[in-house]
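**Q** mmCIF, C-alpha atoms, saved as run32.cif, coming up:
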```cif
data_run
#
loop_
_atom_site.label_atom_id
_atom_site.label_comp_id
_atom_site.auth_asym_id
_atom_site.auth_seq_id
_atom_site.Cartn_x
_atom_site.Cartn_y
_atom_site.Cartn_z
CA MET J 1 -84.12 58.89 -59.77
CA GLY J 2 -86.78 60.74 -57.78
CA THR J 3 -88.68 59.11 -54.90
CA PRO J 4 -92.14 57.92 -56.05
CA SER J 5 -94.76 60.29 -54.69
CA SER J 6 -96.65 57.61 -52.70
CA LEU J 7 -93.39 56.52 -51.04
CA ALA J 8 -92.44 60.13 -50.30
CA GLN J 9 -95.87 60.65 -48.76
CA LEU J 10 -95.48 57.54 -46.60
CA ILE J 11 -92.05 58.70 -45.41
CA ARG J 12 -93.46 62.13 -44.65
CA GLU J 13 -96.35 60.71 -42.63
CA LEU J 14 -94.12 58.30 -40.70
CA SER J 15 -91.62 61.04 -39.87
CA ARG J 16 -94.44 62.97 -38.21
CA LEU J 17 -94.58 60.31 -35.49
CA PRO J 18 -92.75 61.22 -32.27
CA GLY J 19 -89.21 59.90 -32.07
CA ILE J 20 -89.07 59.01 -35.78
CA GLY J 21 -86.61 61.03 -37.84
CA PRO J 22 -86.47 61.15 -41.65
CA LYS J 23 -83.97 58.29 -41.90
CA SER J 24 -85.94 56.00 -39.60
CA ALA J 25 -89.10 56.92 -41.51
CA GLN J 26 -87.40 55.94 -44.76
CA ARG J 27 -86.30 52.59 -43.32
CA LEU J 28 -89.81 51.90 -42.00
CA ALA J 29 -91.36 52.85 -45.34
CA TYR J 30 -89.11 50.44 -47.25
CA TYR J 31 -89.79 47.75 -44.64
CA LEU J 32 -93.56 48.16 -45.05
CA PHE J 33 -93.18 48.16 -48.83
CA GLY J 34 -91.39 44.82 -48.56
CA GLN J 35 -94.20 43.21 -46.49
CA PRO J 36 -97.07 41.17 -47.97
CA GLU J 37 -100.20 43.23 -48.62
CA GLN J 38 -102.25 41.41 -45.97
CA GLU J 39 -99.65 42.23 -43.30
CA VAL J 40 -99.83 45.93 -44.14
CA ALA J 41 -103.64 45.75 -44.23
CA ARG J 42 -103.63 44.10 -40.80
CA LEU J 43 -101.43 46.85 -39.37
CA ALA J 44 -103.72 49.52 -40.85
CA GLU J 45 -106.79 47.76 -39.43
CA VAL J 46 -105.21 47.47 -35.97
CA LEU J 47 -104.38 51.18 -35.99
CA LEU J 48 -107.91 52.11 -37.02
CA ALA J 49 -109.49 49.72 -34.51
CA ALA J 50 -107.39 51.12 -31.68
CA LYS J 51 -108.39 54.64 -32.60
CA ARG J 52 -112.05 53.63 -32.91
CA ASP J 53 -112.42 51.46 -29.80
CA LEU J 54 -110.15 52.94 -27.14
CA HIS J 55 -111.54 55.47 -24.71
CA ASP J 56 -111.05 56.64 -21.13
CA CYS J 57 -112.30 54.36 -18.37
CA PRO J 58 -115.06 56.44 -16.75
CA ARG J 59 -113.93 55.40 -13.27
CA CYS J 60 -110.13 55.47 -13.23
CA PHE J 61 -109.42 57.41 -16.49
CA GLY J 62 -107.02 54.77 -17.74
CA VAL J 63 -107.36 53.60 -21.34
CA THR J 64 -109.77 50.79 -22.19
CA ASP J 65 -111.84 49.30 -25.00
CA ARG J 66 -114.58 48.14 -22.60
CA GLU J 67 -117.21 50.01 -20.67
CA LEU J 68 -115.03 49.80 -17.54
CA CYS J 69 -111.34 48.92 -17.75
CA GLU J 70 -110.10 45.43 -16.85
CA ILE J 71 -108.72 46.58 -13.52
CA CYS J 72 -111.82 48.51 -12.38
CA SER J 73 -114.09 45.61 -13.35
CA ASP J 74 -111.94 42.91 -11.73
CA PRO J 75 -113.58 41.79 -8.42
CA GLN J 76 -110.26 40.26 -7.30
CA ARG J 77 -108.62 43.69 -7.04
CA ASP J 78 -108.39 45.29 -3.60
CA ALA J 79 -110.92 48.13 -3.62
CA ALA J 80 -109.48 49.52 -0.36
CA GLN J 81 -106.39 50.79 -2.21
CA ILE J 82 -106.29 53.42 -4.92
CA CYS J 83 -102.97 54.20 -6.54
CA VAL J 84 -102.89 57.69 -8.07
CA VAL J 85 -100.68 58.11 -11.13
CA GLU J 86 -100.10 60.84 -13.68
CA GLU J 87 -100.61 59.07 -17.02
CA PRO J 88 -102.11 55.79 -18.32
CA GLY J 89 -98.60 54.53 -19.10
CA ASP J 90 -97.79 54.66 -15.38
CA VAL J 91 -100.49 52.04 -14.72
CA LEU J 92 -98.70 49.61 -17.03
CA ALA J 93 -95.39 50.34 -15.31
CA ILE J 94 -96.81 49.54 -11.85
CA GLU J 95 -98.66 46.49 -13.15
CA ARG J 96 -95.37 45.15 -14.53
CA SER J 97 -93.93 45.28 -11.01
CA GLY J 98 -96.47 42.65 -9.92
CA GLU J 99 -96.44 44.16 -6.41
CA TYR J 100 -99.80 45.89 -6.44
CA ARG J 101 -103.33 44.43 -6.46
CA GLY J 102 -105.42 47.52 -5.80
CA LEU J 103 -107.20 49.98 -8.08
CA TYR J 104 -105.85 53.03 -9.93
CA HIS J 105 -106.76 56.61 -10.62
CA VAL J 106 -105.11 58.42 -13.53
CA LEU J 107 -104.89 62.20 -13.08
CA ARG J 108 -103.99 62.86 -16.73
CA GLY J 109 -101.20 65.26 -15.88
CA VAL J 110 -99.71 67.23 -13.02
CA ILE J 111 -100.34 70.69 -11.64
CA SER J 112 -98.23 73.14 -13.60
CA PRO J 113 -99.48 76.76 -13.59
CA MET J 114 -96.86 77.77 -16.17
CA ARG J 115 -98.49 75.39 -18.64
CA GLY J 116 -101.95 76.53 -17.66
CA VAL J 117 -102.68 73.31 -15.75
CA GLY J 118 -104.34 73.92 -12.41
CA PRO J 119 -106.06 71.37 -10.14
CA GLY J 120 -109.30 71.95 -12.05
CA SER J 121 -107.74 70.66 -15.27
CA LEU J 122 -106.94 67.27 -13.76
CA ARG J 123 -109.18 64.34 -12.74
CA ILE J 124 -108.97 65.33 -9.08
CA ALA J 125 -112.68 65.89 -8.45
CA ALA J 126 -113.41 62.37 -9.72
CA LEU J 127 -110.75 60.98 -7.36
CA LEU J 128 -112.26 62.76 -4.37
CA GLU J 129 -115.66 61.27 -5.27
CA ARG J 130 -114.17 57.76 -5.20
CA VAL J 131 -112.57 58.13 -1.79
CA VAL J 132 -114.42 56.88 1.28
CA PRO J 133 -113.09 56.90 4.84
CA GLY J 134 -110.54 54.18 5.46
CA VAL J 135 -109.45 53.76 1.85
CA GLU J 136 -105.70 53.94 1.32
CA VAL J 137 -104.68 56.37 -1.41
CA ILE J 138 -101.16 55.75 -2.66
CA LEU J 139 -99.74 58.84 -4.31
CA ALA J 140 -97.51 57.61 -7.11
CA THR J 141 -96.94 60.84 -9.00
CA SER J 142 -93.40 61.39 -10.24
CA THR J 143 -90.71 62.82 -7.98
CA THR J 144 -90.28 65.95 -10.11
CA VAL J 145 -91.28 69.23 -8.50
CA GLU J 146 -94.57 69.13 -10.45
CA GLY J 147 -95.26 65.57 -9.24
CA GLU J 148 -94.37 66.55 -5.67
CA ALA J 149 -96.60 69.63 -5.79
CA THR J 150 -99.50 67.58 -7.12
CA SER J 151 -98.94 65.00 -4.41
CA LEU J 152 -98.88 67.66 -1.67
CA TYR J 153 -102.04 69.25 -3.05
CA LEU J 154 -103.80 65.86 -3.06
CA GLN J 155 -102.73 65.20 0.53
CA GLN J 156 -104.38 68.45 1.52
CA GLU J 157 -107.62 67.42 -0.19
CA LEU J 158 -107.67 63.75 0.83
CA VAL J 159 -106.90 63.88 4.54
CA PRO J 160 -110.17 65.67 5.48
CA LEU J 161 -112.08 62.89 3.69
CA GLY J 162 -110.74 60.32 6.13
CA ALA J 163 -108.50 58.58 3.60
CA ARG J 164 -105.21 56.98 4.61
CA VAL J 165 -102.68 58.68 2.36
CA SER J 166 -99.28 57.26 1.51
CA ARG J 167 -96.55 58.31 -0.91
CA ILE J 168 -94.33 55.96 -2.91
CA ALA J 169 -90.80 55.75 -1.50
CA TYR J 170 -87.95 57.95 -2.67
CA GLY J 171 -84.44 56.76 -3.13
CA LEU J 172 -81.81 55.11 -5.21
CA PRO J 173 -82.77 53.12 -8.30
CA VAL J 174 -82.01 49.40 -8.18
CA GLY J 175 -78.65 48.92 -9.91
CA GLY J 176 -77.76 52.60 -9.54
CA ALA J 177 -74.35 53.59 -8.21
CA LEU J 178 -74.20 55.78 -5.11
CA GLU J 179 -71.41 57.83 -6.64
CA TYR J 180 -73.66 59.12 -9.43
CA ALA J 181 -76.69 59.94 -7.31
CA ASP J 182 -77.39 63.62 -6.72
CA GLU J 183 -77.55 65.01 -3.21
CA VAL J 184 -81.34 65.45 -3.16
CA THR J 185 -81.89 61.78 -4.05
CA LEU J 186 -79.28 60.66 -1.53
CA GLY J 187 -80.74 62.89 1.17
CA ARG J 188 -84.21 61.46 0.62
CA ALA J 189 -82.90 57.92 0.46
CA LEU J 190 -81.25 58.43 3.84
CA ALA J 191 -84.31 60.12 5.33
CA GLY J 192 -86.49 57.24 4.13
CA ARG J 193 -84.13 54.46 5.22
CA GLN J 194 -85.60 51.27 6.63
CA VAL J 195 -84.49 49.30 9.63
CA VAL J 196 -83.38 45.83 8.54
CA SER J 197 -82.52 44.29 11.88
CA MET U 1 -64.05 78.34 -30.89
CA SER U 2 -64.95 75.32 -28.79
CA ARG U 3 -68.32 73.80 -29.35
CA TYR U 4 -68.48 72.89 -25.67
CA SER U 5 -69.38 75.47 -23.07
CA ASN U 6 -69.99 75.31 -19.34
CA SER U 7 -72.69 77.28 -17.64
CA SER U 8 -74.63 77.43 -14.42
CA GLY U 9 -78.23 78.51 -13.93
CA ILE U 10 -81.74 77.80 -12.73
CA VAL U 11 -84.10 75.51 -14.63
CA THR U 12 -87.08 77.60 -15.75
CA TRP U 13 -88.72 75.24 -18.25
CA ARG U 14 -88.67 71.53 -18.73
CA GLN U 15 -90.59 69.78 -21.47
CA ARG U 16 -90.47 66.01 -21.86
CA GLN U 17 -90.78 64.97 -25.51
CA VAL U 18 -92.68 61.84 -26.52
CA ASN U 19 -89.39 60.16 -27.50
CA GLY U 20 -88.02 60.74 -23.98
CA ASP U 21 -85.79 63.71 -24.76
CA LEU U 22 -86.04 66.71 -22.49
CA ILE U 23 -86.10 70.33 -23.67
CA VAL U 24 -84.70 72.55 -20.94
CA HIS U 25 -84.51 76.31 -20.44
CA LEU U 26 -82.04 77.67 -17.92
CA LEU U 27 -81.86 81.23 -16.70
CA THR U 28 -78.19 82.05 -16.28
CA PRO U 29 -76.36 85.31 -15.52
CA GLU U 30 -75.79 85.58 -19.30
CA GLY U 31 -79.45 85.16 -20.17
CA GLN U 32 -81.60 82.26 -21.23
CA LEU U 33 -79.98 79.00 -22.32
CA ARG U 34 -81.92 76.35 -24.24
CA ALA U 35 -80.76 72.80 -24.62
CA VAL U 36 -82.00 69.29 -25.24
CA ALA U 37 -81.08 66.43 -22.92
CA ARG U 38 -81.21 63.17 -24.82
CA ARG U 39 -83.07 60.24 -23.33
CA ARG U 40 -80.91 58.31 -20.93
CA SER U 41 -81.38 55.09 -19.09
CA ARG U 42 -84.08 55.17 -16.43
CA ALA U 43 -81.54 54.31 -13.77
CA THR U 44 -79.65 57.56 -14.27
CA PRO U 45 -82.08 60.33 -15.20
CA PRO U 46 -80.41 63.73 -15.62
CA PRO U 47 -80.70 65.73 -12.38
CA ILE U 48 -82.73 68.46 -14.02
CA ASP U 49 -85.90 69.58 -12.38
CA LEU U 50 -87.81 72.83 -12.36
CA PHE U 51 -86.37 75.55 -10.06
CA GLN U 52 -83.14 73.60 -9.50
CA HIS U 53 -79.75 75.28 -9.74
CA VAL U 54 -77.58 73.18 -12.04
CA ALA U 55 -74.16 73.35 -13.65
CA VAL U 56 -74.25 72.10 -17.22
CA GLN U 57 -72.01 71.41 -20.15
CA ILE U 58 -73.56 72.16 -23.52
CA TYR U 59 -72.42 71.05 -26.97
CA ARG U 60 -73.53 73.40 -29.72
CA ARG U 61 -72.71 73.52 -33.42
CA PRO U 62 -72.26 77.01 -34.91
CA GLY U 63 -75.59 78.62 -35.76
CA GLU U 64 -77.66 76.19 -33.69
CA GLU U 65 -79.99 77.73 -31.13
CA LEU U 66 -80.67 74.52 -29.24
CA GLY U 67 -77.55 72.97 -27.73
CA LEU U 68 -77.11 69.40 -26.59
CA LEU U 69 -76.91 68.99 -22.83
CA VAL U 70 -73.90 66.73 -22.29
CA GLN U 71 -73.51 66.83 -18.51
CA ALA U 72 -75.52 68.23 -15.64
CA GLN U 73 -74.71 68.50 -11.98
CA LEU U 74 -77.09 69.62 -9.28
CA GLU U 75 -75.81 72.64 -7.36
CA GLY U 76 -78.84 73.46 -5.27
CA ALA U 77 -82.51 72.67 -4.84
CA LEU U 78 -85.38 74.22 -2.89
CA PRO U 79 -87.75 71.34 -2.13
CA THR U 80 -90.23 73.53 -0.20
CA LEU U 81 -91.22 75.19 -3.49
CA ALA U 82 -93.48 72.19 -4.12
CA GLU U 83 -95.68 73.13 -1.14
CA PRO U 84 -99.16 74.26 -2.20
CA GLY U 85 -98.73 77.68 -0.55
CA ARG U 86 -95.50 78.39 -2.47
CA TYR U 87 -95.71 76.44 -5.73
CA PRO U 88 -98.04 78.74 -7.73
CA TYR U 89 -95.89 81.76 -6.84
CA ALA U 90 -92.65 80.05 -7.87
CA HIS U 91 -94.32 79.37 -11.21
CA LEU U 92 -95.40 82.98 -11.59
CA LEU U 93 -91.90 84.36 -11.01
CA THR U 94 -90.31 81.70 -13.17
CA GLU U 95 -92.64 82.36 -16.10
CA LEU U 96 -92.08 86.10 -15.69
CA ALA U 97 -88.28 85.81 -15.49
CA ASP U 98 -88.20 83.38 -18.42
CA ARG U 99 -89.99 86.01 -20.54
CA LEU U 100 -88.12 89.06 -19.29
CA PHE U 101 -84.49 88.02 -19.33
CA VAL U 102 -83.97 86.05 -22.51
CA GLN U 103 -80.73 87.90 -23.20
CA GLY U 104 -79.13 91.31 -22.92
CA GLU U 105 -77.35 93.51 -20.46
CA ARG U 106 -80.03 93.23 -17.78
CA ALA U 107 -79.81 89.43 -17.66
CA GLU U 108 -77.26 89.24 -14.82
CA ALA U 109 -79.26 91.52 -12.52
CA GLY U 110 -82.42 89.67 -13.53
CA TYR U 111 -80.85 86.33 -12.69
CA THR U 112 -79.77 87.58 -9.26
CA LEU U 113 -83.25 88.92 -8.54
CA TYR U 114 -84.93 85.73 -9.74
CA ALA U 115 -82.66 83.52 -7.62
CA ALA U 116 -83.38 85.69 -4.58
CA ALA U 117 -87.10 85.53 -5.34
CA LEU U 118 -87.10 81.72 -5.38
CA ARG U 119 -85.15 81.60 -2.13
CA GLY U 120 -87.61 84.03 -0.55
CA ILE U 121 -90.65 82.07 -1.70
CA ALA U 122 -89.08 78.83 -0.48
CA ALA U 123 -88.18 80.14 2.96
CA ARG U 124 -90.47 82.96 4.06
CA PRO U 125 -93.88 82.38 5.61
CA ASP U 126 -95.76 84.82 3.34
CA ALA U 127 -94.89 83.52 -0.11
CA ARG U 128 -97.69 85.56 -1.67
CA TRP U 129 -96.20 88.85 -0.50
CA VAL U 130 -92.69 87.80 -1.56
CA ALA U 131 -94.01 86.94 -5.01
CA LEU U 132 -95.80 90.28 -5.33
CA VAL U 133 -92.74 92.29 -4.35
CA MET U 134 -90.33 90.27 -6.46
CA ALA U 135 -92.60 90.36 -9.51
CA PHE U 136 -92.55 94.16 -9.35
CA LYS U 137 -88.79 94.12 -8.81
CA LEU U 138 -88.25 91.78 -11.77
CA LEU U 139 -90.28 94.14 -13.96
CA GLN U 140 -88.27 97.08 -12.64
CA GLY U 141 -85.06 95.16 -13.27
CA ALA U 142 -86.12 94.63 -16.87
CA GLY U 143 -86.73 98.36 -17.26
CA PHE U 144 -90.48 98.48 -16.83
CA LEU U 145 -90.89 101.14 -14.18
CA LEU U 146 -94.04 102.03 -12.34
CA GLN U 147 -95.39 105.36 -13.57
CA LEU U 148 -97.05 107.26 -10.78
CA ARG U 149 -97.65 110.58 -12.49
CA CYS U 150 -100.86 111.56 -14.19
CA SER U 151 -100.55 110.34 -17.77
CA CYS U 152 -102.43 113.45 -19.02
CA CYS U 153 -100.86 116.39 -17.17
CA GLY U 154 -97.90 114.89 -15.30
CA SER U 155 -99.28 115.74 -11.86
CA LYS U 156 -97.97 113.70 -8.92
CA GLU U 157 -101.40 113.73 -7.26
CA VAL U 158 -102.63 110.47 -8.76
CA VAL U 159 -106.05 109.42 -7.49
CA ALA U 160 -107.35 107.03 -10.14
CA LEU U 161 -106.31 104.44 -12.72
CA ALA U 162 -107.69 104.25 -16.26
CA GLY U 163 -106.44 100.75 -17.05
CA LEU U 164 -102.74 101.23 -16.35
CA GLU U 165 -102.81 104.99 -16.85
CA PRO U 166 -102.55 106.97 -13.61
CA ARG U 167 -104.84 110.00 -13.50
CA CYS U 168 -105.09 113.02 -11.23
CA ALA U 169 -108.46 114.31 -9.97
CA ALA U 170 -108.71 116.89 -12.76
CA CYS U 171 -108.00 114.40 -15.57
CA ARG U 172 -109.78 111.45 -13.99
CA GLY U 173 -112.86 111.37 -16.26
CA GLY U 174 -114.60 108.02 -15.65
CA ALA U 175 -111.48 106.24 -14.36
CA GLY U 176 -111.88 104.18 -11.18
CA LEU U 177 -110.59 105.72 -7.96
CA LEU U 178 -107.65 104.05 -6.27
CA ALA U 179 -108.49 102.32 -3.01
CA GLU U 180 -107.30 104.07 0.12
CA GLY U 181 -103.58 103.52 0.62
CA SER U 182 -103.06 102.09 -2.88
CA ARG U 183 -101.12 105.05 -4.18
CA GLU U 184 -98.76 104.97 -1.20
CA ALA U 185 -98.39 101.21 -1.55
CA LEU U 186 -97.51 101.55 -5.24
CA GLN U 187 -95.05 104.32 -4.48
CA ALA U 188 -93.45 102.18 -1.79
CA MET U 189 -93.18 99.28 -4.22
CA ALA U 190 -91.28 101.47 -6.68
CA ALA U 191 -89.07 103.28 -4.19
CA LYS U 192 -88.28 100.87 -1.33
CA THR U 193 -85.74 98.10 -1.34
CA VAL U 194 -86.75 94.45 -1.18
CA ARG U 195 -85.52 94.25 2.40
CA GLN U 196 -87.63 97.26 3.43
CA LEU U 197 -90.69 95.83 1.72
CA MET U 198 -90.23 92.45 3.37
CA GLU U 199 -90.01 94.04 6.80
CA ALA U 200 -93.22 96.05 6.37
CA PRO U 201 -95.75 94.49 4.00
CA SER U 202 -97.94 97.16 2.37
CA GLN U 203 -101.71 97.23 2.26
CA PRO U 204 -103.97 96.92 0.35
CA GLN U 205 -102.35 93.99 -1.46
CA ALA U 206 -105.37 93.31 -3.66
CA ALA U 207 -104.88 96.65 -5.45
CA LEU U 208 -101.18 95.88 -5.93
CA TRP U 209 -102.00 92.50 -7.46
CA ARG U 210 -104.47 94.15 -9.81
CA PHE U 211 -101.86 96.70 -10.83
CA LEU U 212 -99.28 93.94 -11.33
CA GLU U 213 -101.69 92.03 -13.57
CA LEU U 214 -102.23 95.09 -15.74
CA LEU U 215 -98.52 95.90 -15.87
CA VAL U 216 -97.59 92.32 -16.82
CA LEU U 217 -100.29 92.19 -19.47
CA ARG U 218 -99.06 95.42 -21.04
CA GLU U 219 -95.32 94.81 -20.87
CA VAL U 220 -94.96 91.04 -21.14
CA GLY U 221 -98.30 89.67 -22.35
CA PRO U 222 -100.58 87.15 -20.66
CA LEU U 223 -98.98 84.74 -18.18
CA ARG U 224 -100.73 81.41 -17.59
CA SER U 225 -99.45 81.15 -14.04
CA LEU U 226 -100.91 84.55 -13.17
CA GLN U 227 -104.38 83.32 -14.15
CA LEU U 228 -104.04 80.28 -11.87
CA LEU U 229 -102.97 81.99 -8.66
CA PRO U 230 -105.09 80.98 -5.67
CA ALA U 231 -107.69 83.55 -4.71
CA GLN U 232 -106.94 85.42 -1.52
#
```
Could you render the structure as structure tokens?
**A**
Amino acid sequence: MGTPSSLAQLIRELSRLPGIGPKSAQRLAYYLFGQPEQEVARLAEVLLAAKRDLHDCPRCFGVTDRELCEICSDPQRDAAQICVVEEPGDVLAIERSGEYRGLYHVLRGVISPMRGVGPGSLRIAALLERVVPGVEVILATSTTVEGEATSLYLQQELVPLGARVSRIAYGLPVGGALEYADEVTLGRALAGRQVVS
Amino acid sequence: MSRYSNSSGIVTWRQRQVNGDLIVHLLTPEGQLRAVARRRSRATPPPIDLFQHVAVQIYRRPGEELGLLVQAQLEGALPTLAEPGRYPYAHLLTELADRLFVQGERAEAGYTLYAAALRGIAARPDARWVALVMAFKLLQGAGFLLQLRCSCCGSKEVVALAGLEPRCAACRGGAGLLAEGSREALQAMAAKTVRQLMEAPSQPQAALWRFLELLVLREVGPLRSLQLLPAQ
């Protein structure tokens, strides 16, 4: 028995999503087929609404469905701290930590000449416009060489503006075993050690 | 034949997929190696970063181009390559080496040159000069030699360049004259060793960069990193 064409089309479309292979797409398609019509309609509406309503926050370049994102428009947030991250997903990761109450700035990438991404392709100019003397800028780009290079470039640009610049700490992940850490991570963890008594 | 193989090389490309997998290119003495590193727990990310020297174990089924990266161990890293004065040049040489030495008999020499180039850029004060010299040497290593004879008559008295074509005074036509010292600098680049060139940087470097751009464009095609080099 051949696969009905509408089912085949659904499987094909689902398998175009990142991380979804043909078998997962088939399972999802049969799952959706088994759901009540209003559930499927709700999912379709949510997808369309997200696509229609979401846009970049004009201040921090995170994702929002308002004029300004919730964080930028929250008067309770500490405006004297700006945490610089690579992607909107990084904002959610830091928010989950519950340790930070300042503002964010999303660069939308990292400097990578091989990929054709120079400083001009990122939201760096907008960051520099936001910085006033005395503000603390926390550089929370990743610890890859691209993240490091972007962080070093930003330090060069931010210091003359009178900003206090800090970098997130390097080191061992919580729950990670020392034995499996590479020497660069261990070296940085030792260099960045903290006095406890 | 075993489906597992061990290799050691420098990471020249690293592309994170949306599902968390990582596509990696390594330049090894045997040529380019491509593999995918499956997503792992966040606590133990694979120690694979651009410009790092890593030893890897790859699992590959017969006929598959992309192997599965099973294990990776860091063998060496050059953290100073992230500095703004070095980073764009490390990218240039990496993009160039990644294009030039995919496979073949020149791969081992190319790998040695590329590794030396990264070390030079990481350690020496004038990363721009190191990059210029090593880019020419990588091209030479891949068989693209500098031609410094008139492309019309074969004369050694080159005074002008028509694009990449050297021309003598008689065959020059409308071709632009070489800046003073450029011909000697180009000759030195072709004839001298890396050590000699490092000890006595040639002038004018702007003309050499222009010539390198033309040579790369002709022999390799456009390089993104070359377009994004800081102006000097």
**Q** Quote the spacing between atom CA of U:Tyr111 and atom CA of U:Ser182 in Å to one decimal place.
**A**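 Separating atom CA of U:Tyr111 from atom CA of U:Ser182 is a distance of 28.9 Å.
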**Q** May I have the residues of chain U within 9 Å of chain J, counting only C-alpha atoms, written as a VMD selection string?
**A** chain U and resid 13 17 to 21 42 to 44 47 to 51 73 to 77 79 81 to 84 87 to 88 91 to 92 94 to 95 223 to 229
**Q** Using Å and a single decimal, report how far atom CA of J:Ser142 sits from atom CA of J:Asp78.
**A** 23.0 Å
**Q** Evaluate the PyMOL selection byres ((chain U and resi 153) around 10) here and jot the selected residues down as a count of residues only.
**A** 11
**Q** Record the distance separating atom CA of U:Tyr59 and atom CA of U:Ala35, expressed in Å with one decimal.
**A**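 So the two atoms, atom CA of U:Tyr59 and atom CA of U:Ala35, lie 8.8 Å apart.
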**Q** Assuming the chain letters and numbering stay as they are in my file, what does the PyMOL selection byres ((chain U and resi 138) around 9) actually select? List them as a JSON list (two decimals) with C-alpha atoms, keeping the file's coordinate frame.
**A**
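part-v1.json written:
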```
[["chain", "number", "residue", "atom", "x", "y", "z"],
["U", 93, "LEU", "CA", -91.90, 84.36, -11.01],
["U", 96, "LEU", "CA", -92.08, 86.10, -15.69],
["U", 97, "ALA", "CA", -88.28, 85.81, -15.49],
["U", 100, "LEU", "CA", -88.12, 89.06, -19.29],
["U", 110, "GLY", "CA", -82.42, 89.67, -13.53],
["U", 113, "LEU", "CA", -83.25, 88.92, -8.54],
["U", 114, "TYR", "CA", -84.93, 85.73, -9.74],
["U", 133, "VAL", "CA", -92.74, 92.29, -4.35],
["U", 134, "MET", "CA", -90.33, 90.27, -6.46],
["U", 135, "ALA", "CA", -92.60, 90.36, -9.51],
["U", 136, "PHE", "CA", -92.55, 94.16, -9.35],
["U", 137, "LYS", "CA", -88.79, 94.12, -8.81],
["U", 139, "LEU", "CA", -90.28, 94.14, -13.96],
["U", 140, "GLN", "CA", -88.27, 97.08, -12.64],
["U", 141, "GLY", "CA", -85.06, 95.16, -13.27],
["U", 142, "ALA", "CA", -86.12, 94.63, -16.87],
["U", 143, "GLY", "CA", -86.73, 98.36, -17.26],
["U", 144, "PHE", "CA", -90.48, 98.48, -16.83]]
```
**Q** Residues near J:Gln81, anyone? I mean within 12 Å using only C-alpha atoms, not counting same-chain ones fewer than 3 positions away, as an MDAnalysis selection string.
**A** chainID J and resid 72 77:78 84 100:105 130:139 163:166
**Q** Using all atoms listed in the file, which residues sit within 10 Å of J:Leu122 once same-chain residues fewer than 5 positions away are excluded, as a VMD selection string?
**A** chain J and resid 86 106 to 111 117 127 150
**Q** Taking every listed atom of stretch 63-78 of chain U and adding 3 Å to each side, what centre and edge lengths in Å (one decimal) does the axis-aligned box have, as AutoDock Vina command-line options?
**A**
```
--center_x -79.4 --center_y 72.7 --center_z -19.3 --size_x 17.9 --size_y 17.9 --size_z 38.9
```
**Q** Evaluate the PyMOL selection byres ((chain U and resi 23) around 6) and record the selected residues as a PyMOL selection string, following the chain and residue labels used in the document.
**A** chain U and resi 14-15+22+24+35-36
**Q** Okay, now the selection with C-alpha atoms, as a PDB file, in the coordinates of the input?
**A**
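Dumped everything to out_11.pdb:
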```pdb
ATOM      1  CA  ARG U  14     -88.670  71.530 -18.730  1.00  0.00           C
ATOM      2  CA  GLN U  15     -90.590  69.780 -21.470  1.00  0.00           C
ATOM      3  CA  LEU U  22     -86.040  66.710 -22.490  1.00  0.00           C
ATOM      4  CA  VAL U  24     -84.700  72.550 -20.940  1.00  0.00           C
ATOM      5  CA  ALA U  35     -80.760  72.800 -24.620  1.00  0.00           C
ATOM      6  CA  VAL U  36     -82.000  69.290 -25.240  1.00  0.00           C
TER       7      VAL U  36
END
```
**Q** Nearest to U:Ala115 among U:Gln205, U:Ser7, U:Gln57, U:Gln52, with distances taken over all atoms listed in the file: which residue is it?
**A**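 Looking at the shortest contact to U:Ala115, the residue is U:Gln52.
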**Q** Set the distance at 10 Å and use all atoms listed in the file: which residues neighbour U:Gly104 once local chain neighbours fewer than 5 positions away are removed? I'd like the list as a list in words.
**A**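 Contacts, with the query itself left out: Pro29, Glu30, Gly31, Gln32 and Ala142 of chain U.
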**Q** Got time to write the residues from that selection, C-alpha atoms, as a PDB file, in the coordinates of the input?
**A**
```
ATOM      1  CA  PRO U  29     -76.360  85.310 -15.520  1.00  0.00           C
ATOM      2  CA  GLU U  30     -75.790  85.580 -19.300  1.00  0.00           C
ATOM      3  CA  GLY U  31     -79.450  85.160 -20.170  1.00  0.00           C
ATOM      4  CA  GLN U  32     -81.600  82.260 -21.230  1.00  0.00           C
ATOM      5  CA  ALA U 142     -86.120  94.630 -16.870  1.00  0.00           C
TER       6      ALA U 142
END
```
**Q** My list of candidates is U:Ile58, U:Leu208, U:Met198, U:Ala191. Which is closest to U:Leu178 when distances are computed with only C-alpha atoms?
**A**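 Closest to U:Leu178 of all the choices is U:Leu208.
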**Q** Which residue gives the smallest distance to U:Gly67 among U:Gln196, U:Ser5, U:Ser202, U:Thr12, with only C-alpha atoms counted?
**A** U:Ser5
